[in-house]
Amino acid sequence: MPSCPRSASGIDVHVGTRIRVRRSQLGMSRDSLARAVGISRRKMRSYETGTVRPSPAEVSWIASALAVSISYFFEGMEESPDQT
């Protein structure tokens, strides 16, 4: 079973990019999204850059605030067991 790294991975960067793209498509500021999710602007920036991994609950809240399914954040990502 592969280990779960604590540092940013390709998956974290991909998810963060998808958050940023969707937020921009909606014309929503980072502050607005952070407030809607109940986190700080700094933490949201960390999620968008992929330097911090959001919890599953936070991914769900972000998806709801951005009016997308959770799977949206993983679309376009190659399926590979070594996505670290």
# chains A, B, ... in the order shown; residues from 1 in each chain; ligands from 1

call {"tool": "residues_around", "arguments": {"residues": "Val15 in chain A", "least_positions_apart": "6", "cutoff": "12 Å", "atoms": "only C-alpha atoms", "output": "list of chain:residue names"}}
result
A:Ala8, A:Ser9, A:Val21, A:Arg22, A:Ser46, A:Tyr47, A:Glu48, A:Thr49, A:Gly50, A:Thr51, A:Val52, A:Arg53, A:Pro54, A:Ser55, A:Pro56, A:Val59, A:Ile62, A:Ala63, A:Ile70, A:Ser71, A:Tyr72, A:Phe73, A:Phe74, A:Glu75, A:Gly76, A:Met77

call {"tool": "write_last_selection", "arguments": {"atoms": "C-alpha atoms", "output": "PDB file, in the first residue's frame"}}
result
ATOM      1  CA  ALA A   8       2.573  18.829  -1.526  1.00  0.00           C
ATOM      2  CA  SER A   9       2.175  16.399  -4.381  1.00  0.00           C
ATOM      3  CA  VAL A  21      -9.769  28.175 -11.989  1.00  0.00           C
ATOM      4  CA  ARG A  22     -13.365  27.584 -10.878  1.00  0.00           C
ATOM      5  CA  SER A  46      -2.255  27.610   0.424  1.00  0.00           C
ATOM      6  CA  TYR A  47      -4.903  25.238  -0.939  1.00  0.00           C
ATOM      7  CA  GLU A  48      -4.861  26.968  -4.330  1.00  0.00           C
ATOM      8  CA  THR A  49      -1.085  26.720  -4.623  1.00  0.00           C
ATOM      9  CA  GLY A  50      -1.068  23.099  -3.476  1.00  0.00           C
ATOM     10  CA  THR A  51       1.234  23.758  -0.531  1.00  0.00           C
ATOM     11  CA  VAL A  52      -1.445  22.605   1.933  1.00  0.00           C
ATOM     12  CA  ARG A  53      -3.874  19.747   1.379  1.00  0.00           C
ATOM     13  CA  PRO A  54      -7.522  20.483   2.301  1.00  0.00           C
ATOM     14  CA  SER A  55      -9.335  17.915   4.398  1.00  0.00           C
ATOM     15  CA  PRO A  56     -12.075  15.872   2.732  1.00  0.00           C
ATOM     16  CA  VAL A  59     -13.020  19.831  -0.287  1.00  0.00           C
ATOM     17  CA  ILE A  62     -15.310  24.248  -1.367  1.00  0.00           C
ATOM     18  CA  ALA A  63     -17.172  22.200  -3.988  1.00  0.00           C
ATOM     19  CA  ILE A  70     -16.148  16.932  -5.641  1.00  0.00           C
ATOM     20  CA  SER A  71     -15.027  14.967  -8.689  1.00  0.00           C
ATOM     21  CA  TYR A  72     -14.545  18.278 -10.560  1.00  0.00           C
ATOM     22  CA  PHE A  73     -11.296  18.844  -8.652  1.00  0.00           C
ATOM     23  CA  PHE A  74      -9.837  15.564  -9.938  1.00  0.00           C
ATOM     24  CA  GLU A  75     -10.937  15.833 -13.587  1.00  0.00           C
ATOM     25  CA  GLY A  76      -8.109  15.881 -16.095  1.00  0.00           C
ATOM     26  CA  MET A  77      -5.679  14.236 -13.736  1.00  0.00           C
TER      27      MET A  77
END

call {"tool": "select_by_dssp", "arguments": {"residues": "range 4-62 of chain A", "states": "helix (DSSP H, G or I)", "output": "PyMOL selection string"}}
result
chain A and resi 10-25+30-37+41-49+56-62

call {"tool": "atom_distance", "arguments": {"atom1": "CA of Leu26 in chain A", "atom2": "CA of Leu66 in chain A"}}
result
7.7 Å

call {"tool": "closest_residue", "arguments": {"among": "A:Val37, A:Ser24, A:Met44, A:His14", "to": "Ser60 in chain A", "atoms": "only C-alpha atoms"}}
result
A:Val37

call {"tool": "atom_distance", "arguments": {"atom1": "CA of Lys43 in chain A", "atom2": "CA of Arg30 in chain A"}}
result
10.1 Å

call {"tool": "closest_residue", "arguments": {"among": "A:Arg45, A:Ala67, A:Arg35, A:Glu78", "to": "Arg20 in chain A", "atoms": "only C-alpha atoms"}}
result
A:Arg45

call {"tool": "atom_distance", "arguments": {"atom1": "CA of Arg41 in chain A", "atom2": "CA of Gly10 in chain A"}}
result
22.2 Å
